[in-house]
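Written out below as structure tokens is the structure these notes cover.
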Amino acid sequence: MRRATLPVIGGLLIAVGMGRPLGAQQRSSLDVGVSVVRFLDESTTVAGPSVGWTSTADGRRLFGQLSVGGVGTFDGASGSAALSGGVRTPIVRRWLLEAAGELFGVAGSSARGATTATGSGRIIRVVGDGGIWARGAASIARRESGGLPAQAVEGGLWWSWPRGRVTAVLIDQQAKAQLFSGPTRDRPIGTLPVHYQEGAIGARLEGDAAAVDVTAGVRRDPGALSKYEPTFSITAAFWLTETRAWTVAISRSPPDWVRGADGTQWLAVGMRFYEPRPAIARSGRIRPLLSLGGGGEQHVIRVRAIGAQSVQLMADFTDWTAVTLAPAGDGFETRLAIPSGTHRVLVRVDGGRWRPAANTPAVDDDLGGRVGLLVVP
């Protein structure tokens, strides 16, 4: 491979963006900072300002992600983009089938652009709060040496809890790599088939205003100078406000033969905008269930919200004043005087947004939002 410094940095940005897991919601984030990159094959280092935008949407059937990034150095600038998406559908109980595609492109001021198209299929088995999956993928990359095919077979598992997640993945990858010559390795002379296996374990741990993502693994490549190459990444984010955080990241990556990126070590420091702090994101994933008990003038309102630390309620019968519910068993409850009839109610979990309970009918309110309906006999 050549030392295509600027396009490689652009590819590195996309690797960072695509490494973020999809969530069951729409979200975007903007990263602005400074990156320092050391190229393992050439022992050279470059540094410069960097920016990246990632927008993700994930429903129960359709999902997608768009990532755009760029880096500037004293020698020029580079930019890259990746668009991915797909569809998933249940096939039998707790089994899902997923089809996806990705289009990746990179261009720089000192090197030609390159594109890679990937199609994949994955089968998923959900087990409790986790699951296992198997995936097959095929890619075609367009570079100086023409079309370069690649194929991969993967398997993995994950397990989640309210404040964390662990994952593991094994991959068997086959691809064609470009060969270059010259002092800066910028003249293509042919291609070389590569075949390697890679395994990695990852974890994400969350507090209320901080999160750490850690991944560590090893690649076995009999055709490389080093038969075994370590790979790791650590990213820490510390939220200053509800949607702004300081970020620090360090990583070591072997060559990406599919996209054509060199092996690198890198350090990035910056600020992330628009991504909600973990406590708010967790509250959005909790499904509050509202129930009513008691009789007469006083009723017991109970909200079951697994994993929540606090629950508030406001309604027309509280004059839209927030009422904090007390923990009780596996839920939260309070006793209020509620007249018979249909009432409008909202709940808030762990300081997140106000919303209808998951089991109450929802209608438009007078302010452009949604409100739940509670019928009291």
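Naming scheme: A, B, ... for chains in displayed order of the structure tokens; residues 1 onward per chain; ligands 1 onward as shown.
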
message = Need to verify the contact set: Thr264 (chain A), 6 Å, only C-alpha atoms, exclusion of same-chain residues closer than 6 positions in sequence. Can you return it as a VMD selection string?
response = chain A and resid 38 to 40 252 to 253

request  = Extract, using only C-alpha atoms, all DNA, RNA and protein residues at most 6 Å from region 355-364 of chain A, discarding same-chain residues fewer than 2 positions from it, and format them as a list of chain:residue names.
outcome  =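 Those residues are A:Arg287, A:Pro288, A:Leu289, A:Leu346, A:Val347, A:Gly369, A:Arg370, A:Val371, A:Gly372, A:Leu373.
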
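Among the candidate residues A:Val166, A:Leu267, A:Ala57, A:Ala134, the one lying nearest to Ala152 (chain A) is A:Ala134, with distances computed using only C-alpha atoms.
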
request  = In Å, rounded to a single decimal, give me how far CA of Thr89 (chain A) is from CA of Ala200 (chain A).
outcome  = 27.0 Å

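Nearest residue to Leu148 (chain A) among A:Val68, A:Ala268, A:Ala175, A:Ile132 is A:Ala175, counting only C-alpha atoms.
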